[in-house]
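Undergrad: PDB, C-alpha atoms, saved as upload14.pdb, coming up:
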```
ATOM      1  CA  MET A  90     -12.229   2.449 -11.437  1.00  0.00           C
ATOM      2  CA  ALA A  91     -10.969   5.465  -9.496  1.00  0.00           C
ATOM      3  CA  ARG A  92      -7.234   6.034  -9.330  1.00  0.00           C
ATOM      4  CA  TYR A  93      -4.738   8.853  -8.878  1.00  0.00           C
ATOM      5  CA  THR A  94      -3.596  10.235 -12.239  1.00  0.00           C
ATOM      6  CA  GLY A  95      -1.494  13.216 -11.145  1.00  0.00           C
ATOM      7  CA  PRO A  96       2.315  13.525 -11.062  1.00  0.00           C
ATOM      8  CA  SER A  97       3.831  10.807  -8.879  1.00  0.00           C
ATOM      9  CA  CYS A  98       6.999  12.679  -7.969  1.00  0.00           C
ATOM     10  CA  LYS A  99       5.018  15.424  -6.259  1.00  0.00           C
ATOM     11  CA  LEU A 100       3.628  12.842  -3.837  1.00  0.00           C
ATOM     12  CA  CYS A 101       7.130  11.814  -2.764  1.00  0.00           C
ATOM     13  CA  ARG A 102       8.135  15.452  -2.335  1.00  0.00           C
ATOM     14  CA  ARG A 103       5.013  16.189  -0.302  1.00  0.00           C
ATOM     15  CA  GLU A 104       5.717  13.311   2.087  1.00  0.00           C
ATOM     16  CA  GLY A 105       9.436  14.081   2.205  1.00  0.00           C
ATOM     17  CA  THR A 106      10.435  10.480   1.492  1.00  0.00           C
ATOM     18  CA  LYS A 107      10.780   8.150  -1.454  1.00  0.00           C
ATOM     19  CA  LEU A 108       7.592   6.165  -2.026  1.00  0.00           C
ATOM     20  CA  TYR A 109       9.115   4.359  -5.020  1.00  0.00           C
ATOM     21  CA  LEU A 110       6.151   5.216  -7.216  1.00  0.00           C
ATOM     22  CA  LYS A 111       8.250   5.173 -10.386  1.00  0.00           C
ATOM     23  CA  GLY A 112      10.312   2.095  -9.713  1.00  0.00           C
ATOM     24  CA  GLU A 113      13.884   2.240 -10.985  1.00  0.00           C
ATOM     25  CA  ARG A 114      13.691   5.985 -11.644  1.00  0.00           C
ATOM     26  CA  CYS A 115      13.424   6.512  -7.871  1.00  0.00           C
ATOM     27  CA  LEU A 116      16.814   4.833  -7.462  1.00  0.00           C
ATOM     28  CA  SER A 117      18.515   6.978 -10.093  1.00  0.00           C
ATOM     29  CA  ASP A 118      19.781  10.567 -10.179  1.00  0.00           C
ATOM     30  CA  LYS A 119      16.590  11.517 -12.028  1.00  0.00           C
ATOM     31  CA  CYS A 120      14.531  11.132  -8.841  1.00  0.00           C
ATOM     32  CA  ALA A 121      12.770  14.439  -8.175  1.00  0.00           C
ATOM     33  CA  LEU A 122      13.391  14.128  -4.443  1.00  0.00           C
ATOM     34  CA  ASN A 123      17.146  14.152  -5.050  1.00  0.00           C
ATOM     35  CA  ARG A 124      16.900  17.418  -6.965  1.00  0.00           C
ATOM     36  CA  ARG A 125      14.162  19.210  -4.996  1.00  0.00           C
ATOM     37  CA  THR A 126      13.714  18.220  -1.385  1.00  0.00           C
ATOM     38  CA  SER A 127      11.069  20.832  -0.582  1.00  0.00           C
ATOM     39  CA  ALA A 128       7.337  20.156  -0.701  1.00  0.00           C
ATOM     40  CA  PRO A 129       5.589  21.144  -3.956  1.00  0.00           C
ATOM     41  CA  GLY A 130       3.741  24.424  -4.240  1.00  0.00           C
ATOM     42  CA  GLN A 131       4.494  28.127  -3.869  1.00  0.00           C
ATOM     43  CA  HIS A 132       5.146  27.877  -0.151  1.00  0.00           C
ATOM     44  CA  GLY A 133       6.631  24.385  -0.124  1.00  0.00           C
ATOM     45  CA  ALA A 134      10.093  25.549   0.894  1.00  0.00           C
ATOM     46  CA  ALA A 135       8.818  27.546   3.873  1.00  0.00           C
ATOM     47  CA  LYS A 136       9.577  26.088   7.293  1.00  0.00           C
ATOM     48  CA  LYS A 137       6.422  25.074   9.112  1.00  0.00           C
ATOM     49  CA  LYS A 138       5.897  23.771  12.602  1.00  0.00           C
ATOM     50  CA  MET A 139       4.316  20.321  12.382  1.00  0.00           C
ATOM     51  CA  THR A 140       1.313  19.857  14.675  1.00  0.00           C
ATOM     52  CA  GLU A 141       0.279  16.527  16.159  1.00  0.00           C
ATOM     53  CA  TYR A 142      -2.583  16.321  13.687  1.00  0.00           C
ATOM     54  CA  GLY A 143      -0.202  17.177  10.854  1.00  0.00           C
ATOM     55  CA  MET A 144       2.117  14.289  11.733  1.00  0.00           C
ATOM     56  CA  GLN A 145      -0.816  11.872  11.883  1.00  0.00           C
ATOM     57  CA  LEU A 146      -2.171  13.088   8.552  1.00  0.00           C
ATOM     58  CA  ARG A 147       1.188  12.851   6.808  1.00  0.00           C
ATOM     59  CA  GLU A 148       1.707   9.283   8.041  1.00  0.00           C
ATOM     60  CA  LYS A 149      -1.723   8.284   6.763  1.00  0.00           C
ATOM     61  CA  GLN A 150      -1.089   9.925   3.412  1.00  0.00           C
ATOM     62  CA  LYS A 151       2.298   8.226   3.139  1.00  0.00           C
ATOM     63  CA  ALA A 152       0.823   4.750   3.679  1.00  0.00           C
ATOM     64  CA  LYS A 153      -2.129   5.435   1.390  1.00  0.00           C
ATOM     65  CA  ARG A 154       0.093   6.656  -1.441  1.00  0.00           C
ATOM     66  CA  TYR A 155       2.711   3.935  -1.023  1.00  0.00           C
ATOM     67  CA  TYR A 156       0.123   1.193  -1.504  1.00  0.00           C
ATOM     68  CA  GLY A 157      -1.777   3.158  -4.150  1.00  0.00           C
ATOM     69  CA  VAL A 158      -5.240   3.266  -2.579  1.00  0.00           C
ATOM     70  CA  LEU A 159      -7.661   6.170  -2.356  1.00  0.00           C
ATOM     71  CA  GLU A 160      -9.164   7.737   0.770  1.00  0.00           C
ATOM     72  CA  LYS A 161     -12.447   5.831   1.034  1.00  0.00           C
ATOM     73  CA  GLN A 162     -10.772   2.499   0.400  1.00  0.00           C
ATOM     74  CA  PHE A 163      -8.049   3.220   2.950  1.00  0.00           C
ATOM     75  CA  LYS A 164     -10.650   4.106   5.589  1.00  0.00           C
ATOM     76  CA  ASN A 165     -12.473   0.853   4.874  1.00  0.00           C
ATOM     77  CA  TYR A 166      -9.233  -1.013   5.521  1.00  0.00           C
ATOM     78  CA  TYR A 167      -8.846   0.829   8.835  1.00  0.00           C
ATOM     79  CA  GLU A 168     -12.383  -0.061   9.928  1.00  0.00           C
ATOM     80  CA  LYS A 169     -11.823  -3.705   9.045  1.00  0.00           C
ATOM     81  CA  ALA A 170      -8.481  -3.722  10.878  1.00  0.00           C
ATOM     82  CA  ASP A 171     -10.030  -2.073  13.948  1.00  0.00           C
ATOM     83  CA  ASN A 172     -12.674  -4.807  14.153  1.00  0.00           C
ATOM     84  CA  GLN A 173     -10.117  -7.602  14.072  1.00  0.00           C
ATOM     85  CA  ASP A 174      -8.365  -9.098  17.087  1.00  0.00           C
ATOM     86  CA  GLY A 175      -4.871  -7.805  17.801  1.00  0.00           C
ATOM     87  CA  ILE A 176      -3.199  -4.433  17.271  1.00  0.00           C
ATOM     88  CA  ALA A 177      -5.189  -2.305  14.831  1.00  0.00           C
ATOM     89  CA  GLY A 178      -2.149  -0.668  13.243  1.00  0.00           C
ATOM     90  CA  GLU A 179      -0.466  -3.973  12.474  1.00  0.00           C
ATOM     91  CA  ASN A 180      -3.764  -5.408  11.213  1.00  0.00           C
ATOM     92  CA  LEU A 181      -4.063  -2.453   8.836  1.00  0.00           C
ATOM     93  CA  LEU A 182      -0.614  -3.007   7.329  1.00  0.00           C
ATOM     94  CA  ARG A 183      -1.275  -6.739   6.992  1.00  0.00           C
ATOM     95  CA  LEU A 184      -4.445  -6.058   5.029  1.00  0.00           C
ATOM     96  CA  LEU A 185      -2.597  -3.713   2.687  1.00  0.00           C
ATOM     97  CA  GLU A 186       0.215  -6.247   2.225  1.00  0.00           C
ATOM     98  CA  ARG A 187      -2.297  -8.946   1.268  1.00  0.00           C
ATOM     99  CA  ARG A 188      -3.622  -7.005  -1.727  1.00  0.00           C
ATOM    100  CA  LEU A 189      -3.077  -8.872  -4.989  1.00  0.00           C
ATOM    101  CA  ASP A 190      -1.211  -5.977  -6.596  1.00  0.00           C
ATOM    102  CA  ASN A 191       1.140  -5.858  -3.597  1.00  0.00           C
ATOM    103  CA  VAL A 192       1.766  -9.616  -3.888  1.00  0.00           C
ATOM    104  CA  VAL A 193       2.741  -9.106  -7.538  1.00  0.00           C
ATOM    105  CA  PHE A 194       5.070  -6.300  -6.425  1.00  0.00           C
ATOM    106  CA  ARG A 195       6.598  -8.472  -3.679  1.00  0.00           C
ATOM    107  CA  MET A 196       7.100 -11.287  -6.215  1.00  0.00           C
ATOM    108  CA  GLY A 197       9.464  -8.948  -8.046  1.00  0.00           C
ATOM    109  CA  LEU A 198       7.313  -8.771 -11.169  1.00  0.00           C
ATOM    110  CA  ALA A 199       6.880  -5.005 -10.996  1.00  0.00           C
ATOM    111  CA  ASN A 200       9.127  -2.083 -10.099  1.00  0.00           C
ATOM    112  CA  SER A 201       6.339  -0.208  -8.309  1.00  0.00           C
ATOM    113  CA  HIS A 202       2.852  -0.745  -6.915  1.00  0.00           C
ATOM    114  CA  LYS A 203       1.498   1.307  -9.795  1.00  0.00           C
ATOM    115  CA  GLU A 204       3.046  -1.018 -12.351  1.00  0.00           C
ATOM    116  CA  ALA A 205       1.821  -4.067 -10.410  1.00  0.00           C
ATOM    117  CA  ARG A 206      -1.708  -2.666 -10.386  1.00  0.00           C
ATOM    118  CA  GLN A 207      -1.588  -2.168 -14.149  1.00  0.00           C
ATOM    119  CA  LEU A 208      -0.358  -5.714 -14.754  1.00  0.00           C
ATOM    120  CA  VAL A 209      -3.189  -7.129 -12.639  1.00  0.00           C
ATOM    121  CA  LEU A 210      -5.808  -4.973 -14.366  1.00  0.00           C
ATOM    122  CA  HIS A 211      -4.588  -6.230 -17.748  1.00  0.00           C
ATOM    123  CA  GLY A 212      -5.287  -9.807 -16.679  1.00  0.00           C
ATOM    124  CA  HIS A 213      -1.736 -11.189 -16.622  1.00  0.00           C
ATOM    125  CA  PHE A 214      -2.260 -13.246 -13.430  1.00  0.00           C
ATOM    126  CA  THR A 215      -4.348 -16.069 -12.054  1.00  0.00           C
ATOM    127  CA  LEU A 216      -5.334 -16.731  -8.449  1.00  0.00           C
ATOM    128  CA  ASN A 217      -5.742 -20.418  -7.633  1.00  0.00           C
ATOM    129  CA  GLY A 218      -6.021 -21.140 -11.333  1.00  0.00           C
ATOM    130  CA  HIS A 219      -8.743 -18.570 -12.012  1.00  0.00           C
ATOM    131  CA  LYS A 220      -8.501 -15.229 -13.776  1.00  0.00           C
ATOM    132  CA  ALA A 221      -7.754 -12.394 -11.326  1.00  0.00           C
ATOM    133  CA  ASN A 222      -7.827  -8.811 -12.572  1.00  0.00           C
ATOM    134  CA  ILE A 223      -8.894  -6.960  -9.403  1.00  0.00           C
ATOM    135  CA  PRO A 224      -5.895  -5.393  -7.616  1.00  0.00           C
ATOM    136  CA  SER A 225      -7.670  -5.169  -4.239  1.00  0.00           C
ATOM    137  CA  ILE A 226      -8.317  -8.914  -3.876  1.00  0.00           C
ATOM    138  CA  LEU A 227      -6.948 -10.054  -0.500  1.00  0.00           C
ATOM    139  CA  VAL A 228      -4.936 -13.254  -0.618  1.00  0.00           C
ATOM    140  CA  LYS A 229      -4.971 -15.820   2.181  1.00  0.00           C
ATOM    141  CA  VAL A 230      -2.773 -18.690   3.299  1.00  0.00           C
ATOM    142  CA  GLY A 231      -2.692 -21.399   0.651  1.00  0.00           C
ATOM    143  CA  ASP A 232      -3.495 -19.108  -2.279  1.00  0.00           C
ATOM    144  CA  VAL A 233      -1.361 -19.433  -5.401  1.00  0.00           C
ATOM    145  CA  VAL A 234      -0.678 -16.419  -7.634  1.00  0.00           C
ATOM    146  CA  ALA A 235       0.724 -17.256 -11.061  1.00  0.00           C
ATOM    147  CA  VAL A 236       1.630 -15.487 -14.275  1.00  0.00           C
ATOM    148  CA  LYS A 237      -0.698 -16.518 -17.099  1.00  0.00           C
ATOM    149  CA  GLU A 238       0.824 -18.158 -20.134  1.00  0.00           C
ATOM    150  CA  THR A 239       1.430 -15.374 -22.582  1.00  0.00           C
ATOM    151  CA  GLU A 240       3.397 -14.440 -25.669  1.00  0.00           C
ATOM    152  CA  SER A 241       4.104 -10.995 -24.208  1.00  0.00           C
ATOM    153  CA  THR A 242       7.829 -10.238 -24.339  1.00  0.00           C
ATOM    154  CA  LYS A 243       7.430  -7.776 -21.456  1.00  0.00           C
ATOM    155  CA  ILE A 244       5.922 -10.408 -19.132  1.00  0.00           C
ATOM    156  CA  LYS A 245       8.586 -12.955 -20.062  1.00  0.00           C
ATOM    157  CA  GLU A 246      11.294 -10.430 -19.243  1.00  0.00           C
ATOM    158  CA  LEU A 247       9.676  -9.710 -15.867  1.00  0.00           C
ATOM    159  CA  VAL A 248       9.574 -13.421 -14.999  1.00  0.00           C
ATOM    160  CA  GLU A 249      13.246 -13.793 -15.955  1.00  0.00           C
ATOM    161  CA  ALA A 250      14.115 -10.840 -13.698  1.00  0.00           C
ATOM    162  CA  MET A 251      12.402 -12.453 -10.676  1.00  0.00           C
ATOM    163  CA  GLY A 252      15.625 -14.244  -9.832  1.00  0.00           C
ATOM    164  CA  GLU A 253      17.210 -10.923  -8.869  1.00  0.00           C
ATOM    165  CA  LYS A 254      14.507 -10.053  -6.319  1.00  0.00           C
ATOM    166  CA  ILE A 255      14.204 -11.199  -2.701  1.00  0.00           C
ATOM    167  CA  ALA A 256      10.654 -12.136  -1.702  1.00  0.00           C
ATOM    168  CA  PRO A 257       9.277 -11.795   1.854  1.00  0.00           C
ATOM    169  CA  LYS A 258       9.236 -14.956   3.943  1.00  0.00           C
ATOM    170  CA  TRP A 259       5.429 -15.239   3.780  1.00  0.00           C
ATOM    171  CA  LEU A 260       5.661 -15.982   0.048  1.00  0.00           C
ATOM    172  CA  GLU A 261       7.113 -19.151  -1.456  1.00  0.00           C
ATOM    173  CA  LEU A 262       8.359 -18.426  -4.962  1.00  0.00           C
ATOM    174  CA  ASP A 263       8.942 -20.602  -7.992  1.00  0.00           C
ATOM    175  CA  LYS A 264      10.942 -18.049  -9.926  1.00  0.00           C
ATOM    176  CA  ASN A 265      11.251 -20.188 -13.048  1.00  0.00           C
ATOM    177  CA  ALA A 266       7.487 -20.561 -13.395  1.00  0.00           C
ATOM    178  CA  GLY A 267       6.476 -17.116 -12.117  1.00  0.00           C
ATOM    179  CA  VAL A 268       4.402 -18.579  -9.290  1.00  0.00           C
ATOM    180  CA  ALA A 269       4.011 -17.524  -5.653  1.00  0.00           C
ATOM    181  CA  LYS A 270       2.258 -19.424  -2.866  1.00  0.00           C
ATOM    182  CA  VAL A 271       1.111 -17.663   0.295  1.00  0.00           C
ATOM    183  CA  ILE A 272       2.515 -19.806   3.121  1.00  0.00           C
ATOM    184  CA  ALA A 273       1.790 -17.434   6.026  1.00  0.00           C
ATOM    185  CA  MET A 274       0.174 -14.135   6.892  1.00  0.00           C
ATOM    186  CA  PRO A 275       2.553 -11.159   6.572  1.00  0.00           C
ATOM    187  CA  GLU A 276       3.975 -10.017   9.898  1.00  0.00           C
ATOM    188  CA  ARG A 277       4.942  -6.491  10.895  1.00  0.00           C
ATOM    189  CA  ASP A 278       8.651  -7.312  10.563  1.00  0.00           C
ATOM    190  CA  ASP A 279       8.115  -8.377   6.954  1.00  0.00           C
ATOM    191  CA  ILE A 280       7.231  -4.820   5.879  1.00  0.00           C
ATOM    192  CA  ASP A 281      10.471  -3.166   4.868  1.00  0.00           C
ATOM    193  CA  PHE A 282       9.062   0.340   4.369  1.00  0.00           C
ATOM    194  CA  GLU A 283       9.124   2.630   7.407  1.00  0.00           C
ATOM    195  CA  PHE A 284       5.654   3.368   8.786  1.00  0.00           C
ATOM    196  CA  ASN A 285       4.445   4.627  12.157  1.00  0.00           C
ATOM    197  CA  GLU A 286       1.055   2.944  12.029  1.00  0.00           C
ATOM    198  CA  GLN A 287       0.150   4.156  15.517  1.00  0.00           C
ATOM    199  CA  LEU A 288      -0.138   7.708  14.194  1.00  0.00           C
ATOM    200  CA  ILE A 289      -2.624   6.509  11.567  1.00  0.00           C
ATOM    201  CA  ILE A 290      -4.762   4.806  14.209  1.00  0.00           C
ATOM    202  CA  GLU A 291      -4.687   7.922  16.394  1.00  0.00           C
ATOM    203  CA  LEU A 292      -5.883   9.993  13.435  1.00  0.00           C
ATOM    204  CA  TYR A 293      -8.886   7.792  12.739  1.00  0.00           C
ATOM    205  CA  SER A 294      -9.674   7.309  16.438  1.00  0.00           C
ATOM    206  CA  LYS A 295     -10.514  10.979  16.964  1.00  0.00           C
TER     207      LYS A 295
END
```
Represent the structure of the file as structure tokens.

TA:
Amino acid sequence: MARYTGPSCKLCRREGTKLYLKGERCLSDKCALNRRTSAPGQHGAAKKKMTEYGMQLREKQKAKRYYGVLEKQFKNYYEKADNQDGIAGENLLRLLERRLDNVVFRMGLANSHKEARQLVLHGHFTLNGHKANIPSILVKVGDVVAVKETESTKIKELVEAMGEKIAPKWLELDKNAGVAKVIAMPERDDIDFEFNEQLIIELYSK
């Protein structure tokens, strides 16, 4: 399965904002963006005038990297969102929010999307009682995501830490059991990361 394997901190520096790709490290003084605010590369510190296309591209890259999907997959999400009723940009973000790895992240069982993806791939969750190890599965209203019974100390610690996290209103959590039920579709206001989805739609509409 294709995935990005390069240095995560360079992605945050390139987009000029924290994408929280390393979880708690991004909140500490060790965050690379705190120490080096310029873009990576030999000419990263040079001041450049941002074109309209450049702004659109950067916004697309930011969303793609935040959710941890690659180019072809992201474009497929755009095409699906564009064919749905409603505002294409909001549809796109809703699709990305409904990914199983994002649900695990929103449950508070992972410090980053990357960690959530790894947990799903390792088969630590069930969806409606069945094994679910594909991060890109899209949940729907009524679906139940649960932590599998395990002897793993790491998973038990993550479930215990769920009580410290605040879940979005479209998820109903049983923090003691490590279970989340999808009670509604995610709305635009539920996404706490700053995106300008209109720029993404303009980029793909050309």

Undergrad: Which residues would end up in the selection if the PyMOL selection byres ((chain A and resi 220) around 12) were applied here, given that I need the answer as JSON, numbers by chain?

TA: {"A": [209, 210, 211, 212, 213, 214, 215, 216, 217, 218, 219, 221, 222, 223, 224, 226, 233, 234, 235, 236, 237, 238]}

Undergrad: By how many Å are CA of Leu292 in chain A and CA of Leu108 in chain A apart?

TA: 20.9 Å

Undergrad: Neighbouring residues of Leu185 in chain A were defined as those with any atom within 12 Å, considering only C-alpha atoms; residues of the same chain fewer than 6 positions away were excluded. Please report them as a compact mmCIF listing (two decimals) with C-alpha atoms, in the coordinates of the input.

TA:
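The file below, part.txt, is the result:
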```
# COMPACT_ATOMS: atom_id res chain seq x y z
CA ALA A 152 0.82 4.75 3.68
CA LYS A 153 -2.13 5.44 1.39
CA ARG A 154 0.09 6.66 -1.44
CA TYR A 155 2.71 3.94 -1.02
CA TYR A 156 0.12 1.19 -1.50
CA GLY A 157 -1.78 3.16 -4.15
CA VAL A 158 -5.24 3.27 -2.58
CA GLN A 162 -10.77 2.50 0.40
CA PHE A 163 -8.05 3.22 2.95
CA LYS A 164 -10.65 4.11 5.59
CA ASN A 165 -12.47 0.85 4.87
CA TYR A 166 -9.23 -1.01 5.52
CA TYR A 167 -8.85 0.83 8.84
CA LYS A 169 -11.82 -3.70 9.04
CA ALA A 170 -8.48 -3.72 10.88
CA GLY A 178 -2.15 -0.67 13.24
CA GLU A 179 -0.47 -3.97 12.47
CA ASN A 191 1.14 -5.86 -3.60
CA VAL A 192 1.77 -9.62 -3.89
CA HIS A 202 2.85 -0.74 -6.92
CA PRO A 224 -5.90 -5.39 -7.62
CA SER A 225 -7.67 -5.17 -4.24
CA ILE A 226 -8.32 -8.91 -3.88
CA LEU A 227 -6.95 -10.05 -0.50
CA VAL A 228 -4.94 -13.25 -0.62
CA MET A 274 0.17 -14.14 6.89
CA PRO A 275 2.55 -11.16 6.57
CA GLU A 276 3.98 -10.02 9.90
CA ARG A 277 4.94 -6.49 10.90
CA ILE A 280 7.23 -4.82 5.88
```

Undergrad: In terms of the shortest atom-to-atom distance over all atoms listed in the file, which of A:Met251, A:Thr140, A:Gly231, A:Asp171 is closest to Ser294 in chain A?

TA: A:Asp171

Undergrad: As an exercise, work out the distance from CA of Gly267 in chain A to CA of Asn200 in chain A in Å and give it to one decimal place.

TA: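 Separation of CA of Gly267 in chain A and CA of Asn200 in chain A: 15.4 Å.
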
Undergrad: So which residues are close to (4.3, 3.1, 9.2), meaning at most 10 Å away in the file's coordinates with all atoms listed in the file counted, and can you show them as an MDAnalysis selection string?

TA: chainID A and resid 148:149 151:152 178:179 182 277 280:289

Undergrad: Could you jot down the CA of Glu249 in chain A to CA of Lys264 in chain A separation for me, Å, one decimal place?

TA: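 Between CA of Glu249 in chain A and CA of Lys264 in chain A the gap is 7.7 Å.
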
Undergrad: Tell me which protein, DNA and RNA residues are within 8 Å of Met196 in chain A, counting all atoms listed in the file, leaving out same-chain ones fewer than 3 positions away, and put them as a list in words.

TA: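 Surrounding residues, per the criterion: Val192, Val193, Ala199, Met251, Lys254, Ile255, Ala256, Leu260, Leu262 and Ala269 of chain A.
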
Undergrad: Which is closest to Glu160 in chain A among A:Leu146, A:Lys138, A:Arg188, A:Lys229, if we use all atoms listed in the file?

TA: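 Once distances to Glu160 in chain A are computed over all atoms listed in the file, the minimum belongs to A:Leu146.
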
Undergrad: So that I can check the surroundings of Asp279 in chain A, please list as a ChimeraX atom specification every protein, DNA and RNA residue that reaches within 9 Å of it, counting only C-alpha atoms and ignoring chain neighbours fewer than 6 positions away.

TA: /A:257-259

Undergrad: Check the smallest atom-to-atom distance from each of A:Glu168, A:Glu291, A:Asp174, A:Glu246 to Met144 in chain A using all atoms listed in the file, then report the winner.

TA: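 For Met144 in chain A, the nearest of the candidates is A:Glu291.
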
Undergrad: Let me know the centre plus edge lengths, in Å and rounded to one decimal, of a box with edges along x, y and z that contains all listed atoms of range 250-265 of chain A and is padded by 4 Å on every side, as AutoDock Vina command-line options.

TA:
```
--center_x 11.3 --center_y -15.3 --center_z -4.9 --size_x 19.8 --size_y 18.5 --size_z 25.6
```
